[in-house]
$ cat data05.csv   # CSV, C-alpha atoms and all ligand atoms
chain,number,residue,atom,x,y,z
A,1,MET,CA,-8.8,0.1,23.5
A,2,LEU,CA,-6.4,0.0,20.5
A,3,ASN,CA,-8.3,0.7,17.2
A,4,VAL,CA,-6.7,-1.0,14.2
A,5,ALA,CA,-7.5,-0.4,10.5
A,6,LEU,CA,-6.8,-3.5,8.5
A,7,PRO,CA,-6.7,-3.6,4.7
A,8,LYS,CA,-9.6,-5.8,3.5
A,9,GLY,CA,-8.5,-8.8,1.5
A,10,ARG,CA,-5.7,-11.4,1.5
A,11,LEU,CA,-3.1,-8.9,2.7
A,12,GLY,CA,-5.3,-8.0,5.6
A,13,GLU,CA,-5.7,-11.6,6.7
A,14,LYS,CA,-1.9,-11.9,6.8
A,15,VAL,CA,-1.7,-8.7,8.8
A,16,TYR,CA,-4.4,-9.9,11.3
A,17,SER,CA,-2.5,-13.2,11.9
A,18,MET,CA,0.6,-11.1,12.8
A,19,PHE,CA,-1.5,-9.1,15.3
A,20,GLU,CA,-3.0,-12.3,16.7
A,21,LYS,CA,0.5,-13.7,17.3
A,22,ALA,CA,1.4,-10.4,18.9
A,23,GLY,CA,-1.2,-10.9,21.6
A,24,PHE,CA,-4.1,-8.9,20.0
A,25,GLU,CA,-6.4,-11.8,19.1
A,26,CYS,CA,-10.0,-11.3,18.2
A,27,PRO,CA,-11.5,-14.7,17.4
A,28,SER,CA,-14.9,-13.2,16.1
A,29,ILE,CA,-13.0,-11.7,13.1
A,30,LYS,CA,-12.9,-15.2,11.6
A,31,GLU,CA,-16.6,-15.6,11.5
A,32,GLN,CA,-17.9,-15.7,8.0
A,33,ASN,CA,-20.1,-12.6,7.9
A,34,ARG,CA,-20.2,-9.1,6.4
A,35,LYS,CA,-19.4,-7.2,9.6
A,36,LEU,CA,-16.7,-4.7,9.3
A,37,ILE,CA,-15.9,-4.0,13.0
A,38,PHE,CA,-14.7,-6.7,15.5
A,39,GLU,CA,-13.8,-6.2,19.1
A,40,ASN,CA,-12.1,-8.1,21.9
A,41,GLU,CA,-12.5,-6.1,25.0
A,42,GLU,CA,-10.3,-8.5,27.0
A,43,ALA,CA,-7.3,-8.1,24.7
A,44,GLY,CA,-8.1,-4.3,24.4
A,45,VAL,CA,-8.4,-4.3,20.6
A,46,ARG,CA,-10.9,-3.3,18.0
A,47,TYR,CA,-10.4,-4.1,14.3
A,48,PHE,CA,-11.9,-2.4,11.2
A,49,TRP,CA,-11.8,-3.8,7.7
A,50,VAL,CA,-11.4,-0.9,5.3
A,51,LYS,CA,-10.5,-0.5,1.6
A,52,PRO,CA,-6.7,-0.8,1.5
A,53,SER,CA,-6.3,2.6,-0.1
A,54,ASP,CA,-8.4,4.2,2.7
A,55,VAL,CA,-6.4,2.9,5.7
A,56,ALA,CA,-4.1,5.9,5.8
A,57,ILE,CA,-7.1,8.3,5.9
A,58,TYR,CA,-8.6,6.5,8.9
A,59,VAL,CA,-5.2,6.6,10.7
A,60,GLU,CA,-4.4,10.2,9.8
A,61,ARG,CA,-7.7,11.5,11.1
A,62,GLY,CA,-7.6,9.4,14.2
A,63,ALA,CA,-10.6,7.1,13.5
A,64,ALA,CA,-8.0,4.3,13.8
A,65,ASP,CA,-4.9,4.5,16.1
A,66,ILE,CA,-2.8,2.3,13.8
A,67,GLY,CA,-3.2,0.5,10.5
A,68,VAL,CA,-1.4,-1.2,7.7
A,69,ALA,CA,-1.0,0.6,4.4
A,70,GLY,CA,1.0,0.1,1.2
A,71,LYS,CA,4.1,2.2,0.7
A,72,ASP,CA,2.6,3.2,-2.7
A,73,ILE,CA,-0.3,5.0,-0.9
A,74,LEU,CA,2.1,6.6,1.6
A,75,LEU,CA,4.2,8.0,-1.2
A,76,GLU,CA,1.3,9.1,-3.3
A,77,TYR,CA,-0.8,10.8,-0.6
A,78,LYS,CA,1.8,11.7,2.0
A,79,PRO,CA,-0.6,11.3,5.0
A,80,ASP,CA,0.6,12.9,8.2
A,81,VAL,CA,1.2,9.7,10.1
A,82,TYR,CA,4.2,7.9,11.6
A,83,GLU,CA,5.5,5.0,9.6
A,84,LEU,CA,6.6,2.5,12.3
A,85,LEU,CA,7.5,-0.7,10.6
A,86,ASP,CA,8.1,-2.4,7.2
A,87,LEU,CA,6.1,-5.6,7.5
A,88,ASP,CA,7.9,-7.3,4.6
A,89,ILE,CA,4.6,-8.5,3.0
A,90,GLY,CA,2.5,-7.2,0.1
A,91,LYS,CA,5.8,-6.8,-1.8
A,92,CYS,CA,5.8,-5.4,-5.3
A,93,ARG,CA,7.3,-2.4,-7.2
A,94,MET,CA,6.2,0.8,-8.8
A,95,ALA,CA,7.4,0.8,-12.3
A,96,VAL,CA,7.3,2.4,-15.7
A,97,ALA,CA,6.1,0.1,-18.4
A,98,ALA,CA,5.3,0.4,-22.1
A,99,LYS,CA,4.8,-1.6,-25.3
A,100,LYS,CA,7.9,-3.7,-26.1
A,101,ASP,CA,8.7,-1.6,-29.2
A,102,PHE,CA,8.4,1.7,-27.4
A,103,HIS,CA,11.3,4.2,-27.9
A,104,ASP,CA,11.3,7.5,-26.0
A,105,ASP,CA,11.6,10.6,-28.1
A,106,PRO,CA,13.1,13.2,-25.7
A,107,GLN,CA,11.9,16.0,-28.0
A,108,ARG,CA,8.3,15.2,-27.2
A,109,LYS,CA,6.3,15.4,-24.0
A,110,LEU,CA,5.9,11.9,-22.6
A,111,LYS,CA,2.3,10.8,-22.1
A,112,VAL,CA,2.1,8.9,-18.8
A,113,ALA,CA,-1.1,7.1,-17.7
A,114,THR,CA,-1.3,6.3,-14.0
A,115,LYS,CA,-3.3,6.0,-10.8
A,116,PHE,CA,-0.3,7.4,-9.0
A,117,SER,CA,0.0,10.9,-10.4
A,118,ASN,CA,2.2,12.3,-7.6
A,119,ILE,CA,4.7,9.4,-7.7
A,120,ALA,CA,4.9,9.7,-11.5
A,121,GLY,CA,5.2,13.5,-11.4
A,122,GLU,CA,8.0,13.4,-8.8
A,123,TYR,CA,9.8,10.6,-10.6
A,124,TYR,CA,9.9,12.4,-14.0
A,125,SER,CA,10.7,15.8,-12.4
A,126,SER,CA,13.7,14.1,-10.7
A,127,ILE,CA,15.0,13.1,-14.1
A,128,ASP,CA,14.0,16.4,-15.7
A,129,ARG,CA,11.6,14.8,-18.2
A,130,ASP,CA,8.6,16.8,-19.4
A,131,ILE,CA,5.4,14.8,-19.1
A,132,ASP,CA,1.7,15.0,-19.7
A,133,ILE,CA,-0.1,13.0,-16.9
A,134,ILE,CA,-3.3,11.1,-17.7
A,135,HIS,CA,-4.9,10.2,-14.4
A,136,LEU,CA,-6.8,6.9,-14.6
A,137,ASN,CA,-8.5,4.8,-11.8
A,138,GLY,CA,-7.7,1.3,-12.9
A,139,SER,CA,-6.9,-1.1,-15.8
A,140,ILE,CA,-4.0,1.3,-16.6
A,141,GLU,CA,-2.4,-1.3,-18.9
A,142,ILE,CA,-5.0,-0.6,-21.6
A,143,ALA,CA,-3.7,3.0,-22.1
A,144,PRO,CA,-0.6,2.4,-24.1
A,145,ILE,CA,-2.3,-0.4,-26.1
A,146,LEU,CA,-5.0,2.1,-27.3
A,147,GLY,CA,-2.5,4.9,-27.8
A,148,LEU,CA,-3.9,6.9,-24.9
A,149,SER,CA,-0.4,7.1,-23.4
A,150,ASP,CA,3.2,6.3,-24.3
A,151,VAL,CA,3.9,4.6,-20.9
A,152,ILE,CA,2.2,3.7,-17.6
A,153,VAL,CA,3.4,4.1,-14.1
A,154,ASP,CA,1.8,1.3,-12.1
A,155,ILE,CA,2.3,-1.5,-9.6
A,156,VAL,CA,3.9,-4.7,-10.8
A,157,GLU,CA,3.7,-7.7,-8.6
A,158,THR,CA,4.1,-10.9,-10.5
A,159,GLY,CA,4.4,-9.2,-13.9
A,160,LYS,CA,1.5,-11.3,-15.3
A,161,THR,CA,-0.8,-8.4,-16.1
A,162,LEU,CA,2.0,-6.7,-18.2
A,163,LYS,CA,3.0,-9.9,-19.9
A,164,GLU,CA,-0.6,-10.8,-20.9
A,165,ASN,CA,-1.0,-7.4,-22.4
A,166,ASP,CA,2.3,-7.4,-24.3
A,167,LEU,CA,3.9,-4.7,-22.1
A,168,GLU,CA,7.2,-4.7,-20.4
A,169,VAL,CA,8.9,-2.9,-17.5
A,170,PHE,CA,11.3,-0.1,-18.6
A,171,GLU,CA,12.3,1.3,-15.2
A,172,THR,CA,11.7,0.4,-11.6
A,173,ILE,CA,10.8,3.6,-9.6
A,174,VAL,CA,10.6,2.2,-6.1
A,175,PRO,CA,10.1,-1.1,-4.2
A,176,ILE,CA,6.8,-1.3,-2.3
A,177,SER,CA,5.7,-3.2,0.8
A,178,ALA,CA,3.1,-3.0,3.5
A,179,ARG,CA,3.9,-0.6,6.4
A,180,LEU,CA,2.6,-0.3,9.9
A,181,ILE,CA,1.5,3.3,10.5
A,182,SER,CA,0.3,5.2,13.5
A,183,ASN,CA,-1.8,8.3,14.2
A,184,LYS,CA,0.5,10.9,15.7
A,185,SER,CA,-1.4,11.7,18.8
A,186,ALA,CA,-2.5,8.1,19.4
A,187,PHE,CA,1.2,7.3,19.4
A,188,LYS,CA,1.6,9.7,22.3
A,189,PHE,CA,-1.4,8.5,24.3
A,190,LYS,CA,-1.4,4.8,23.6
A,191,THR,CA,2.4,4.4,23.5
A,192,GLU,CA,2.5,1.3,25.6
A,193,SER,CA,0.1,-0.8,23.4
A,194,ILE,CA,1.5,0.5,20.1
A,195,GLU,CA,5.0,-0.2,21.2
A,196,LYS,CA,4.0,-3.7,22.2
A,197,VAL,CA,2.6,-4.3,18.7
A,198,VAL,CA,5.8,-3.0,17.1
A,199,ARG,CA,8.0,-5.1,19.4
A,200,GLU,CA,6.1,-8.3,19.0
A,201,ILE,CA,5.8,-8.0,15.2
A,202,GLN,CA,9.5,-7.0,14.9
A,203,LEU,CA,10.3,-10.3,16.7
A,204,GLN,CA,8.1,-12.3,14.3
A,205,LEU,CA,10.0,-10.6,11.4
A,206,SER,CA,13.4,-11.3,12.8
A,207,ASN,CA,12.4,-15.0,13.4
A,208,LYS,CA,11.3,-15.2,9.8
A,209,GLU,CA,14.8,-14.2,8.7
A,210,VAL,CA,16.7,-17.0,10.5
B,1,LIG,C1,-2.7,-4.0,-9.8
B,1,LIG,C2,-1.8,-3.2,-10.8
B,1,LIG,C3,-1.7,-4.1,-11.9
B,1,LIG,C4,-1.6,-5.5,-11.3
B,1,LIG,C5,-0.2,-6.0,-11.2
B,1,LIG,O1,-4.0,-3.9,-10.2
B,1,LIG,O2,-2.5,-2.0,-11.1
B,1,LIG,O3,-2.7,-4.0,-12.8
B,1,LIG,O4,-2.2,-5.4,-10.0
B,1,LIG,O5,-0.1,-7.3,-10.7
B,1,LIG,P1,0.7,-8.4,-11.4
B,1,LIG,O6,2.1,-7.9,-11.7
B,1,LIG,O7,0.8,-9.6,-10.4
B,1,LIG,O8,0.0,-8.9,-12.6
B,1,LIG,P2,-5.2,-4.1,-9.2
B,1,LIG,O9,-5.5,-5.5,-9.0
B,1,LIG,O10,-5.0,-3.3,-8.0
B,1,LIG,O11,-6.4,-3.4,-10.1
B,1,LIG,P3,-6.5,-2.0,-10.8
B,1,LIG,O12,-5.2,-1.3,-10.9
B,1,LIG,O13,-7.0,-2.4,-12.2
B,1,LIG,O14,-7.6,-1.3,-10.0

$ encode --input "data05.csv" --output "structure tokens"
Amino acid sequence: MLNVALPKGRLGEKVYSMFEKAGFECPSIKEQNRKLIFENEEAGVRYFWVKPSDVAIYVERGAADIGVAGKDILLEYKPDVYELLDLDIGKCRMAVAAKKDFHDDPQRKLKVATKFSNIAGEYYSSIDRDIDIIHLNGSIEIAPILGLSDVIVDIVETGKTLKENDLEVFETIVPISARLISNKSAFKFKTESIEKVVREIQLQLSNKEV
């Protein structure tokens, strides 16, 4: 039985349809209910719907064999897992944004509000800039508006949230997309089925390109 952690939400539905096409179908998952675990014994697969930011925890600790997590989470928490495939969905970028009239004063510590403290810390240390990190859990865009921070480090997808709050991107730190990840020992013991998932999804991705 292959245990798969799927990120709850629209991205997870796209991921499930990739798995379905790869031969790991589980029709009961489409029933409208609040169940979180679905199994198809015949296809040898069990799916769990988990919070997107928790997928890597399930996989790292072996509660799931494989799963799909955003590159943002992998960079921020560095879970001890294998990153097997870039799924080319859930695409966005990690960026520095601020109010349009913001000018950086290098003499002062830069106040950075973010949910991604490690990514922000590593980025600013790579450019040798002294910062003061303000860790927030959401609605990061408010911080520079209220003067809590000078800039934010956050995910930008369509750019709509920034625009509607009169902020703009100053720097892109790294592009983000969804990645297929595997627990390290599951990869050793369930190699055949995990490799089948990788092979079949790779095929779907290359067909998408032509
Ligand atoms: C993310 C991110 C931005 C927004 C970007 O927020 O933190 O706020 O999406 O998307 P856009 O560029 O398409 O507008 P999320 O919905 O995860 O909520 P939260 O950060 O406030 O928890």

$ closest_residue --input "data05.csv" --among "A:Glu13, A:Ser126, A:Asp54, A:Leu2" --to "Glu192 of chain A" --atoms "all atoms listed in the file"
A:Leu2

$ closest_residue --input "data05.csv" --among "A:Asn183, A:Thr191, A:Asn165, A:Ile201" --to "ligand LIG 1 (chain B)" --atoms "only C-alpha atoms and all ligand atoms"
A:Asn165

$ atom_distance --input "data05.csv" --atom1 "atom CA of Ile142 of chain A" --atom2 "atom CA of Glu122 of chain A"
23.0 Å

$ closest_residue --input "data05.csv" --among "A:Lys208, A:Lys71, A:Lys78, A:Lys99" --to "Ile155 of chain A" --atoms "all atoms listed in the file"
A:Lys71

$ residues_around --input "data05.csv" --residues "Gly44 of chain A" --least-positions-apart "3" --cutoff "10 Å" --atoms "all atoms listed in the file" --output "ChimeraX atom specification"
/A:1-3,23-26,39-41,193

$ closest_residue --input "data05.csv" --among "A:Thr114, A:Gln202, A:Thr161, A:Ser177" --to "ligand LIG 1 (chain B)" --atoms "all atoms listed in the file"
A:Thr161

$ closest_residue --input "data05.csv" --among "A:Ile140, A:Leu6, A:Ile89, A:Ile152" --to "Leu110 of chain A" --atoms "all atoms listed in the file"
A:Ile152

$ decode --input "data05.csv" --residues "segment 61-134 of chain A" --atoms "C-alpha atoms" --output "CSV table (one decimal), in the first residue's frame"
chain,number,residue,atom,x,y,z
A,61,ARG,CA,8.1,11.2,9.7
A,62,GLY,CA,6.9,8.3,7.5
A,63,ALA,CA,3.2,8.7,8.2
A,64,ALA,CA,3.0,9.1,4.4
A,65,ASP,CA,5.4,7.5,1.9
A,66,ILE,CA,5.2,10.3,-0.6
A,67,GLY,CA,3.4,13.7,-0.9
A,68,VAL,CA,3.3,17.0,-2.6
A,69,ALA,CA,4.6,20.1,-1.0
A,70,GLY,CA,5.5,23.6,-2.2
A,71,LYS,CA,9.1,24.5,-2.7
A,72,ASP,CA,8.5,27.4,-0.2
A,73,ILE,CA,7.9,24.9,2.6
A,74,LEU,CA,10.9,22.7,1.6
A,75,LEU,CA,13.2,25.8,1.6
A,76,GLU,CA,11.8,27.1,4.9
A,77,TYR,CA,11.8,23.9,7.0
A,78,LYS,CA,14.4,21.8,5.2
A,79,PRO,CA,12.6,18.5,5.9
A,80,ASP,CA,14.8,15.4,5.6
A,81,VAL,CA,13.0,13.9,2.5
A,82,TYR,CA,13.9,13.2,-1.1
A,83,GLU,CA,12.6,15.8,-3.6
A,84,LEU,CA,11.7,13.6,-6.6
A,85,LEU,CA,10.0,15.8,-9.2
A,86,ASP,CA,9.0,19.4,-10.0
A,87,LEU,CA,5.3,19.1,-10.9
A,88,ASP,CA,5.2,22.4,-12.7
A,89,ILE,CA,1.9,23.4,-10.9
A,90,GLY,CA,1.3,25.7,-8.0
A,91,LYS,CA,3.7,28.2,-9.5
A,92,CYS,CA,4.5,31.4,-7.8
A,93,ARG,CA,7.5,33.2,-6.4
A,94,MET,CA,9.0,34.3,-3.1
A,95,ALA,CA,9.6,38.0,-3.3
A,96,VAL,CA,10.5,41.1,-1.3
A,97,ALA,CA,7.8,43.7,-1.5
A,98,ALA,CA,7.2,47.2,0.0
A,99,LYS,CA,5.3,50.4,-0.4
A,100,LYS,CA,5.9,52.0,-3.8
A,101,ASP,CA,7.7,55.0,-2.2
A,102,PHE,CA,10.0,52.8,-0.1
A,103,HIS,CA,13.8,53.6,-0.2
A,104,ASP,CA,16.2,51.4,1.5
A,105,ASP,CA,18.6,53.1,3.9
A,106,PRO,CA,21.6,50.8,4.3
A,107,GLN,CA,22.7,52.6,7.5
A,108,ARG,CA,19.6,51.2,9.3
A,109,LYS,CA,18.6,47.6,10.1
A,110,LEU,CA,15.9,46.6,7.6
A,111,LYS,CA,12.6,45.5,9.3
A,112,VAL,CA,11.3,42.4,7.4
A,113,ALA,CA,7.9,40.9,8.1
A,114,THR,CA,7.4,37.4,6.9
A,115,LYS,CA,6.0,33.9,7.5
A,116,PHE,CA,9.2,32.6,6.0
A,117,SER,CA,11.8,33.6,8.5
A,118,ASN,CA,14.5,31.2,7.4
A,119,ILE,CA,14.2,32.0,3.7
A,120,ALA,CA,14.2,35.7,4.5
A,121,GLY,CA,17.2,35.3,6.9
A,122,GLU,CA,19.2,33.3,4.3
A,123,TYR,CA,18.4,35.7,1.5
A,124,TYR,CA,19.5,38.8,3.4
A,125,SER,CA,22.6,37.2,4.8
A,126,SER,CA,23.6,36.2,1.3
A,127,ILE,CA,23.6,39.9,0.3
A,128,ASP,CA,25.1,41.0,3.7
A,129,ARG,CA,22.2,43.1,4.8
A,130,ASP,CA,21.4,43.5,8.5
A,131,ILE,CA,17.8,42.8,9.2
A,132,ASP,CA,15.3,42.6,12.0
A,133,ILE,CA,12.8,39.8,11.3
A,134,ILE,CA,9.2,40.1,12.4
